[in-house]
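For reference, the structure discussed in these notes is given below.
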Amino acid sequence: MTTLNNEQRFNIITRNLEEIIGEDDLRYMLDSGAPINHYIGFEISGKPHIGQALIVMQKVKDLMDAGVNVNFLLADLHTYLNGKLNGDMKLIAEVRDGYFTEIIKASIMMLGGEPEKLNFIKGGEYYAAHPDYWTTFLEISKNTTLARIERSISIMGRTDGESQDFGTLCYPPMQAADIFAMKINIVQGGIDQRKIHVVMRDVAKYIKTNAPEFNGKFLKPVAIHTPLLPALDAPAVWPLPEGCDMKQMQIDMKMSKSKPGGAIYIDDEPEKIKKTIMKGFCAEKEIEYNPILEWVKMIVFDRDGKEITIVRPEQYGGNISFKDYEDLKKKFADGLVHPIDVKNFLADYLINLFAPAREHFAKSPYREMKARTEEILESVKKKR
RNA sequence: GGAAAGGUGGCCGAGUGGUUAAUGGCAGCAGACUGUAAAUCUGCCCUCUCUGAGUUCGUAGGUUCGAAUCCUGCCCUUUCCA
C-alpha cells in the first residue's frame with residue numbers, strides 16, 4: 001500500500017533518531033519483505049507530555065508512512081509494578097481505556113495520521129490470552145543476570161541505589177518478553193530505553209518460545225530510539241563551567257513531569273503553552289545550552305524540514321526567515337534574532353499545531369474524560 | 001528471627017516539654033530589574049467564610065496546666081547480625 005521504495009522507507013524509519021540498534025537487520029527486513037511489526041510501550045502514568053505526544057508520536061507517524069504496522073502496548077501491569085497511580089489497577093484501567101488512549105489518538109490525528117490505524121494492546125488482557133508469554137519471560141530471566149536487570153531499571157525513571165522490591169525487577173524482563181511474545185521486530189522507545197533493549201537483543205538467540213524469526217531465519221528485533229526533548233529549565237550552574245559534559249547535560253535535561261510548571265500537554269490552553277515557553281531558559285546569543293532552540297530544531301525543523309519565518313514588529317527588525325536550523329543558530333549567535341522572537345514563534349507554532357487536540361478535548365465526552373483523569377491524578381497526589 | 005538508628009510541611013533538613021504554624025536551603029508563586037529566561041532584590045508559600053479561626057511534625061493512645069519534643073502499642077524505612 002505504500003508507494004515508497006525500500007530506500008525511502010529506510011530513510012523515513014530512521015530519520016531524526018538518536019540511535020538505531022540493528023541497522024542491518026532493518027535493511028534485511030525491508031529487502032526480504034518480512035512483515036514489519038512495530039511496538040512502543042506506554043506506562044499509564046497520567047498525561048503523556050509533549051515529548052511523548054510529539055517526538056515519540058512523530059516517529060510513529062513516520063513508521064505508518066513507511067507502511068509499518070504500529071502497535072501500542074498500554075502497559076497496565078508495568079504501571080502497577082512501577083507504582084504509578086498508586087498501583088491501583090482500577091484507576092489504571094480507567095485512565096488506560098479513556099483519556100490515555102484518546103490522547104494518543106489525538107496526537108496522531110494532530111500530526112496528520114489516521115487514528116483508526118493504531119493498534120492498542122492492553123497488557124493484562126494480552127498476558128491472560130497468551131500464557132506462553134510467561135514461558136518467554138522465564139527464558140529471558142534465565143538467560144540474563146541480576147546485575148544487568150538492575151542496571152536496566154533506570155528505564156523506569158529511577159536512579160541506582162534505590163531499594164527495589166522483586167516486582168520491580170520483573171519489569172525489564174517483562175518488557176523484553178512483550179517484544180518476543182508479540183512478534184515485534186521494530187521496538188521504539190526513548191533513548192532512556194536502550195539498556196533493556198540491548199538486553200533484549202542479547203537474549204534473543206536463547207528464546208525458544210516465541211523465537212524471533214522470519215521464514216525460518218533468526219531475526220533480531222531492531223531497536224529505534226528517539227531523542228528526548230529537553231526540559232526548559234536553566235542549567236544548575238550558569239554560565240556553564242569550562243569543559244562540562246554536554247552529552248550528560250542533555251540527558252539530565254530530560255523533561256520531568258515532577259516539575260509542574262515545566263511540562264506542556266497537547267490539550268493545554270494557549271495561555272498556558274505561551275506562559276510555559278516564555279518561562280523557558282534562553283540566553284541571548286547562547287547556542288550551546290539552549291533548550292528553546294533545541295525545541296525549535298526538534299519540533300519544527302526536524303518534522304517539517306521547511307524554511308520558517310519569524311514575524312516581528314519593525315522596531316525589532318521586522319520579519320526574518322531561516323532556511324534551516326543551522327541558519328537559525330548562526331543568526332541567533334550573531335544576535336540577529338532575540339530570544340523573545342524565537343519564543344513567540346515557538347509558542348504560536350505549538351498553539352497552532354495543538355489546535356485539533358485542544359478542540360477535541362473541549363468536546364463532550366472527551367472533556368469529561370480529561371477532567372476525570374485530572375481529578376484522579378490530583379487524588380493520587382494527595383494520598384502519597 | 002535478633003540488634004541499632006530513624007520517620008518533621010512538595011523535597012532536603014533544624015528543632016528534643018512552653019512566645020513553634022514550627023530555623024534554614026531548594027523548588028513553586030507574585031513583583032522589581034532586563035525587549036524573554038537566567039542572575040540579583042522584595043513579598044507569598046498548611047487550610048479556611050482569613051486583621052480571626054481551625055488542623056499539623058508516621059499512626060493510635062497516655063503523662064502534663066501545656067508536647068513535634070516524655071511514655072506505651074502498632075505501621076514503615078535504613079543499617080548491622082543470623
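Each chain in the C-alpha cells gets a letter, A, B and so on, in the order shown; residues start at 1 in every chain, and ligands are counted from 1 in the order they appear.
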Kindly provide, as a list in words, the residues of chain A having any atom no farther than 8 Å from an atom of chain B, counting only C-alpha atoms (C1' of nucleotides). Ala234, Trp238, Met278, Lys279, Gly280, Phe281, Cys282, Ala283, Pro339, Ile340 and Lys343 of chain A
Go ahead and save the picked residues with all heavy atoms, as a PDB file, in the first residue's frame.
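Output contents, as saved in again-v1.pdb:
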ATOM      1  N   ALA A 234      16.649  26.207  33.453  1.00  0.00           N
ATOM      2  CA  ALA A 234      18.015  26.702  33.409  1.00  0.00           C
ATOM      3  C   ALA A 234      18.943  25.598  33.904  1.00  0.00           C
ATOM      4  O   ALA A 234      18.529  24.745  34.676  1.00  0.00           O
ATOM      5  CB  ALA A 234      18.156  27.923  34.302  1.00  0.00           C
ATOM      6  N   TRP A 238      25.057  28.499  35.922  1.00  0.00           N
ATOM      7  CA  TRP A 238      25.107  29.346  34.734  1.00  0.00           C
ATOM      8  C   TRP A 238      25.878  30.596  35.051  1.00  0.00           C
ATOM      9  O   TRP A 238      25.624  31.204  36.083  1.00  0.00           O
ATOM     10  CB  TRP A 238      23.683  29.702  34.267  1.00  0.00           C
ATOM     11  CG  TRP A 238      23.704  30.529  33.028  1.00  0.00           C
ATOM     12  CD1 TRP A 238      23.538  31.886  32.938  1.00  0.00           C
ATOM     13  CD2 TRP A 238      23.932  30.068  31.708  1.00  0.00           C
ATOM     14  NE1 TRP A 238      23.655  32.275  31.642  1.00  0.00           N
ATOM     15  CE2 TRP A 238      23.898  31.187  30.852  1.00  0.00           C
ATOM     16  CE3 TRP A 238      24.188  28.801  31.154  1.00  0.00           C
ATOM     17  CZ2 TRP A 238      24.097  31.098  29.484  1.00  0.00           C
ATOM     18  CZ3 TRP A 238      24.373  28.721  29.793  1.00  0.00           C
ATOM     19  CH2 TRP A 238      24.319  29.860  28.966  1.00  0.00           C
ATOM     20  N   MET A 278       7.476  31.022  27.519  1.00  0.00           N
ATOM     21  CA  MET A 278       8.103  32.281  27.914  1.00  0.00           C
ATOM     22  C   MET A 278       8.998  32.097  29.142  1.00  0.00           C
ATOM     23  O   MET A 278       9.965  32.826  29.325  1.00  0.00           O
ATOM     24  CB  MET A 278       7.035  33.337  28.218  1.00  0.00           C
ATOM     25  CG  MET A 278       6.316  33.873  26.985  1.00  0.00           C
ATOM     26  SD  MET A 278       7.397  34.354  25.631  1.00  0.00           S
ATOM     27  CE  MET A 278       7.924  35.972  26.192  1.00  0.00           C
ATOM     28  N   LYS A 279       8.645  31.133  29.986  1.00  0.00           N
ATOM     29  CA  LYS A 279       9.445  30.907  31.188  1.00  0.00           C
ATOM     30  C   LYS A 279      10.710  30.098  30.933  1.00  0.00           C
ATOM     31  O   LYS A 279      11.541  29.933  31.812  1.00  0.00           O
ATOM     32  CB  LYS A 279       8.601  30.180  32.234  1.00  0.00           C
ATOM     33  CG  LYS A 279       7.532  31.065  32.848  1.00  0.00           C
ATOM     34  CD  LYS A 279       6.893  30.389  34.027  1.00  0.00           C
ATOM     35  CE  LYS A 279       7.966  30.062  35.065  1.00  0.00           C
ATOM     36  NZ  LYS A 279       7.388  29.751  36.363  1.00  0.00           N
ATOM     37  N   GLY A 280      10.820  29.570  29.733  1.00  0.00           N
ATOM     38  CA  GLY A 280      11.969  28.734  29.413  1.00  0.00           C
ATOM     39  C   GLY A 280      13.289  29.492  29.419  1.00  0.00           C
ATOM     40  O   GLY A 280      13.335  30.679  29.096  1.00  0.00           O
ATOM     41  N   PHE A 281      14.317  28.781  29.774  1.00  0.00           N
ATOM     42  CA  PHE A 281      15.650  29.387  29.804  1.00  0.00           C
ATOM     43  C   PHE A 281      16.126  29.642  28.378  1.00  0.00           C
ATOM     44  O   PHE A 281      16.101  28.751  27.538  1.00  0.00           O
ATOM     45  CB  PHE A 281      16.625  28.468  30.526  1.00  0.00           C
ATOM     46  CG  PHE A 281      18.033  28.972  30.523  1.00  0.00           C
ATOM     47  CD1 PHE A 281      18.444  29.901  31.458  1.00  0.00           C
ATOM     48  CD2 PHE A 281      18.941  28.538  29.574  1.00  0.00           C
ATOM     49  CE1 PHE A 281      19.745  30.388  31.454  1.00  0.00           C
ATOM     50  CE2 PHE A 281      20.242  29.017  29.560  1.00  0.00           C
ATOM     51  CZ  PHE A 281      20.643  29.948  30.508  1.00  0.00           C
ATOM     52  N   CYS A 282      16.570  30.850  28.123  1.00  0.00           N
ATOM     53  CA  CYS A 282      17.045  31.169  26.775  1.00  0.00           C
ATOM     54  C   CYS A 282      17.914  32.413  26.821  1.00  0.00           C
ATOM     55  O   CYS A 282      17.424  33.531  26.816  1.00  0.00           O
ATOM     56  CB  CYS A 282      15.855  31.393  25.835  1.00  0.00           C
ATOM     57  SG  CYS A 282      16.307  31.607  24.106  1.00  0.00           S
ATOM     58  N   ALA A 283      19.225  32.190  26.913  1.00  0.00           N
ATOM     59  CA  ALA A 283      20.140  33.321  26.987  1.00  0.00           C
ATOM     60  C   ALA A 283      20.430  33.845  25.594  1.00  0.00           C
ATOM     61  O   ALA A 283      20.545  33.074  24.644  1.00  0.00           O
ATOM     62  CB  ALA A 283      21.433  32.897  27.676  1.00  0.00           C
ATOM     63  N   PRO A 339      15.844  36.205  21.825  1.00  0.00           N
ATOM     64  CA  PRO A 339      15.104  35.096  22.447  1.00  0.00           C
ATOM     65  C   PRO A 339      13.592  35.267  22.362  1.00  0.00           C
ATOM     66  O   PRO A 339      12.874  34.295  22.091  1.00  0.00           O
ATOM     67  CB  PRO A 339      15.580  35.142  23.899  1.00  0.00           C
ATOM     68  CG  PRO A 339      16.974  35.646  23.816  1.00  0.00           C
ATOM     69  CD  PRO A 339      16.991  36.615  22.662  1.00  0.00           C
ATOM     70  N   ILE A 340      13.104  36.453  22.575  1.00  0.00           N
ATOM     71  CA  ILE A 340      11.652  36.653  22.543  1.00  0.00           C
ATOM     72  C   ILE A 340      11.076  36.352  21.164  1.00  0.00           C
ATOM     73  O   ILE A 340       9.992  35.793  21.045  1.00  0.00           O
ATOM     74  CB  ILE A 340      11.285  38.092  22.965  1.00  0.00           C
ATOM     75  CG1 ILE A 340      11.568  38.253  24.449  1.00  0.00           C
ATOM     76  CG2 ILE A 340       9.814  38.399  22.687  1.00  0.00           C
ATOM     77  CD1 ILE A 340      11.135  39.563  25.015  1.00  0.00           C
ATOM     78  N   LYS A 343      10.840  32.646  21.036  1.00  0.00           N
ATOM     79  CA  LYS A 343       9.808  32.155  21.952  1.00  0.00           C
ATOM     80  C   LYS A 343       8.413  32.421  21.396  1.00  0.00           C
ATOM     81  O   LYS A 343       7.545  31.546  21.448  1.00  0.00           O
ATOM     82  CB  LYS A 343       9.958  32.815  23.325  1.00  0.00           C
ATOM     83  CG  LYS A 343      11.120  32.245  24.130  1.00  0.00           C
ATOM     84  CD  LYS A 343      11.146  32.827  25.522  1.00  0.00           C
ATOM     85  CE  LYS A 343      12.242  32.180  26.345  1.00  0.00           C
ATOM     86  NZ  LYS A 343      12.278  32.690  27.724  1.00  0.00           N
TER      87      LYS A 343
END
Just asking: which residues within region 163-215 of chain A are strand (DSSP E or B) according to DSSP, as a ChimeraX atom specification? /A:186-190,213-214
All alpha helix (DSSP H) residues (DSSP, backbone) inside region 184-356 of chain A, as number ranges by chain: A: 194-203, 246-252, 270-278, 291-295, 302-304, 325-333, 339-356
Could you pull the residues within 8 Å of region 169-185 of chain A, counting only C-alpha atoms (C1' of nucleotides), minus those fewer than 4 positions along the same chain, as a PyMOL selection string? chain A and resi 36-39+78+81+132-134+136-137+140-141+149-150+152-153+164-165+196-197+199-200+210-212+219-222
The selected residues should be written to file as a compact mmCIF listing (two decimals), in the first residue's frame (atoms: N, CA, C and O atoms).
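out-v4.txt was written with the following content:
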# COMPACT_ATOMS: atom_id res chain seq x y z
N ILE A 36 6.59 -6.03 8.91
CA ILE A 36 7.25 -5.26 9.95
C ILE A 36 6.26 -4.84 11.01
O ILE A 36 5.37 -4.03 10.77
N ASN A 37 6.43 -5.45 12.18
CA ASN A 37 5.57 -5.14 13.31
C ASN A 37 6.30 -4.27 14.31
O ASN A 37 7.34 -4.65 14.84
N HIS A 38 5.74 -3.12 14.54
CA HIS A 38 6.35 -2.19 15.46
C HIS A 38 5.60 -2.24 16.79
O HIS A 38 4.45 -2.68 16.85
N TYR A 39 6.28 -1.80 17.82
CA TYR A 39 5.60 -1.64 19.10
C TYR A 39 6.29 -0.56 19.91
O TYR A 39 7.49 -0.32 19.80
N HIS A 78 2.87 -3.03 33.94
CA HIS A 78 4.14 -2.33 34.18
C HIS A 78 3.88 -1.09 35.05
O HIS A 78 4.67 -0.73 35.91
N LEU A 81 3.55 -2.22 38.53
CA LEU A 81 4.86 -2.55 39.11
C LEU A 81 5.65 -1.30 39.45
O LEU A 81 6.42 -1.27 40.39
N ASP A 132 1.83 -18.46 27.03
CA ASP A 132 3.24 -18.75 26.74
C ASP A 132 4.13 -17.50 26.86
O ASP A 132 5.35 -17.58 26.80
N TYR A 133 3.48 -16.34 27.03
CA TYR A 133 4.22 -15.12 27.33
C TYR A 133 5.13 -15.36 28.53
O TYR A 133 6.29 -14.93 28.55
N TRP A 134 4.58 -16.06 29.52
CA TRP A 134 5.32 -16.25 30.76
C TRP A 134 6.49 -17.24 30.59
O TRP A 134 7.47 -17.16 31.31
N THR A 136 8.26 -17.27 27.88
CA THR A 136 9.27 -16.39 27.30
C THR A 136 9.91 -15.51 28.39
O THR A 136 11.12 -15.31 28.42
N PHE A 137 9.06 -15.05 29.28
CA PHE A 137 9.56 -14.25 30.41
C PHE A 137 10.62 -15.03 31.19
O PHE A 137 11.68 -14.50 31.54
N ILE A 140 13.91 -15.42 29.25
CA ILE A 140 14.71 -14.18 29.33
C ILE A 140 15.41 -14.12 30.69
O ILE A 140 16.61 -13.88 30.78
N SER A 141 14.64 -14.37 31.73
CA SER A 141 15.19 -14.30 33.09
C SER A 141 16.34 -15.28 33.27
O SER A 141 17.33 -14.98 33.93
N ILE A 149 19.79 -6.68 34.89
CA ILE A 149 18.42 -6.25 35.13
C ILE A 149 18.41 -5.02 36.03
O ILE A 149 17.72 -4.04 35.78
N GLU A 150 19.23 -5.08 37.07
CA GLU A 150 19.28 -3.94 37.99
C GLU A 150 19.73 -2.68 37.28
O GLU A 150 19.21 -1.60 37.52
N SER A 152 19.29 -1.99 34.15
CA SER A 152 18.29 -1.50 33.21
C SER A 152 17.06 -0.94 33.90
O SER A 152 16.15 -0.42 33.26
N ILE A 153 17.05 -1.00 35.20
CA ILE A 153 15.93 -0.46 35.97
C ILE A 153 15.77 1.05 35.74
O ILE A 153 14.71 1.60 35.91
N GLN A 164 14.84 -1.95 45.84
CA GLN A 164 13.86 -2.47 44.92
C GLN A 164 13.12 -3.64 45.55
O GLN A 164 13.70 -4.43 46.27
N ASP A 165 11.85 -3.76 45.22
CA ASP A 165 11.18 -5.00 45.55
C ASP A 165 11.33 -5.92 44.34
O ASP A 165 11.76 -5.50 43.28
N ILE A 196 17.58 -1.85 28.35
CA ILE A 196 16.75 -3.06 28.30
C ILE A 196 16.65 -3.58 26.87
O ILE A 196 16.58 -4.79 26.64
N HIS A 197 16.70 -2.68 25.89
CA HIS A 197 16.63 -3.13 24.50
C HIS A 197 17.90 -3.89 24.10
O HIS A 197 17.86 -4.82 23.31
N VAL A 199 19.66 -5.65 26.24
CA VAL A 199 19.48 -6.95 26.89
C VAL A 199 18.56 -7.82 26.02
O VAL A 199 18.84 -8.99 25.77
N MET A 200 17.49 -7.22 25.56
CA MET A 200 16.53 -7.94 24.72
C MET A 200 17.21 -8.54 23.49
O MET A 200 17.03 -9.70 23.17
N ASN A 210 8.32 -18.37 21.21
CA ASN A 210 8.24 -17.04 20.60
C ASN A 210 9.59 -16.56 20.06
O ASN A 210 9.93 -15.38 20.18
N ALA A 211 10.36 -17.50 19.53
CA ALA A 211 11.65 -17.11 18.96
C ALA A 211 11.45 -16.13 17.81
O ALA A 211 10.56 -16.32 16.98
N PRO A 212 12.27 -15.05 17.78
CA PRO A 212 12.10 -14.06 16.71
C PRO A 212 12.66 -14.59 15.39
O PRO A 212 13.83 -14.91 15.29
N LEU A 219 15.81 -13.64 13.36
CA LEU A 219 15.78 -12.21 13.03
C LEU A 219 15.64 -11.41 14.32
O LEU A 219 14.59 -11.41 14.95
N LYS A 220 16.73 -10.74 14.69
CA LYS A 220 16.71 -9.95 15.93
C LYS A 220 15.84 -8.72 15.77
O LYS A 220 15.96 -8.00 14.79
N PRO A 221 15.00 -8.45 16.75
CA PRO A 221 14.23 -7.21 16.70
C PRO A 221 15.16 -5.99 16.70
O PRO A 221 16.16 -5.97 17.40
N VAL A 222 14.81 -5.02 15.89
CA VAL A 222 15.58 -3.79 15.78
C VAL A 222 15.07 -2.79 16.82
O VAL A 222 13.86 -2.72 17.05
Name the residues in contact with A60 (chain B) at a cut-off of 12 Å, using only C-alpha atoms (C1' of nucleotides), excluding same-chain residues fewer than 5 positions from it; report them as a list in words.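 The neighbour list is U72, G73, C74 and C75 of chain B.
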I want to know what sits within 7 Å of Gly123 (chain A), based on only C-alpha atoms (C1' of nucleotides), with residues of the same chain fewer than 6 positions away left out; could you give that as a ChimeraX atom specification? /A:73-77
Create the file for the chosen residues now, containing all heavy atoms and written as a compact mmCIF listing (two decimals), in the first residue's frame.
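part.txt was written with the following content:
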# COMPACT_ATOMS: atom_id res chain seq x y z
N LEU A 73 1.48 -0.80 23.24
CA LEU A 73 1.20 -1.60 24.42
C LEU A 73 0.78 -0.64 25.53
O LEU A 73 1.57 0.21 25.95
CB LEU A 73 2.44 -2.38 24.85
CG LEU A 73 2.27 -3.09 26.20
CD1 LEU A 73 1.21 -4.18 26.13
CD2 LEU A 73 3.59 -3.68 26.67
N LEU A 74 -0.44 -0.77 25.97
CA LEU A 74 -0.89 0.01 27.12
C LEU A 74 -0.46 -0.80 28.34
O LEU A 74 -1.12 -1.74 28.75
CB LEU A 74 -2.40 0.21 27.06
CG LEU A 74 -2.87 0.96 25.80
CD1 LEU A 74 -4.37 0.94 25.69
CD2 LEU A 74 -2.35 2.40 25.81
N ALA A 75 0.71 -0.44 28.86
CA ALA A 75 1.40 -1.28 29.82
C ALA A 75 0.83 -1.12 31.22
O ALA A 75 1.46 -0.56 32.12
CB ALA A 75 2.90 -0.97 29.79
N ASP A 76 -0.34 -1.67 31.41
CA ASP A 76 -1.02 -1.52 32.70
C ASP A 76 -0.31 -2.23 33.85
O ASP A 76 -0.17 -1.68 34.93
CB ASP A 76 -2.48 -1.98 32.60
CG ASP A 76 -2.64 -3.27 31.80
OD1 ASP A 76 -1.64 -3.99 31.62
OD2 ASP A 76 -3.77 -3.55 31.36
N LEU A 77 0.18 -3.45 33.57
CA LEU A 77 0.86 -4.16 34.66
C LEU A 77 2.23 -3.55 34.96
O LEU A 77 2.67 -3.55 36.10
CB LEU A 77 1.01 -5.65 34.31
CG LEU A 77 -0.30 -6.44 34.29
CD1 LEU A 77 -0.03 -7.93 34.13
CD2 LEU A 77 -1.11 -6.21 35.56
Interatomic distance between CA of Phe218 (chain A) and CA of Arg201 (chain A)?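 Atom-to-atom, CA of Phe218 (chain A) and CA of Arg201 (chain A) are spaced 11.7 Å apart.
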Rounded to one decimal place, report the C1' of U59 (chain B)-C1' of U77 (chain B) distance in Å.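 C1' of U77 (chain B) lies 14.6 Å from C1' of U59 (chain B).
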If we count only C-alpha atoms (C1' of nucleotides), what is near Val337 (chain A) at a cut-off of 12 Å, once residues fewer than 4 positions away on the same chain are taken out, given as a ChimeraX atom specification? /A:282-287,293,309-312,316-322,327-333,341-345 /B:35-36
I'd like the interatomic distance between CA of Asp302 (chain A) and CA of Ser107 (chain A), to a tenth of an Å.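 Separation between CA of Asp302 (chain A) and CA of Ser107 (chain A): 17.1 Å.
All residues of protein, DNA or RNA that reach within 12 Å of region 43-55 of chain B, judged by only C-alpha atoms (C1' of nucleotides) and not counting those fewer than 2 positions away in the chain, are G9, G10, A21, A22, A27, G28, C29, A30, G31, A32, C41 and C57 of chain B.
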Go through A:Arg148, A:His360, A:Lys272, A:Lys306 one by one, measure the shortest atom-to-atom distance of each to Ala347 (chain A) using only C-alpha atoms, and give the residue with the smallest value. A:Lys272
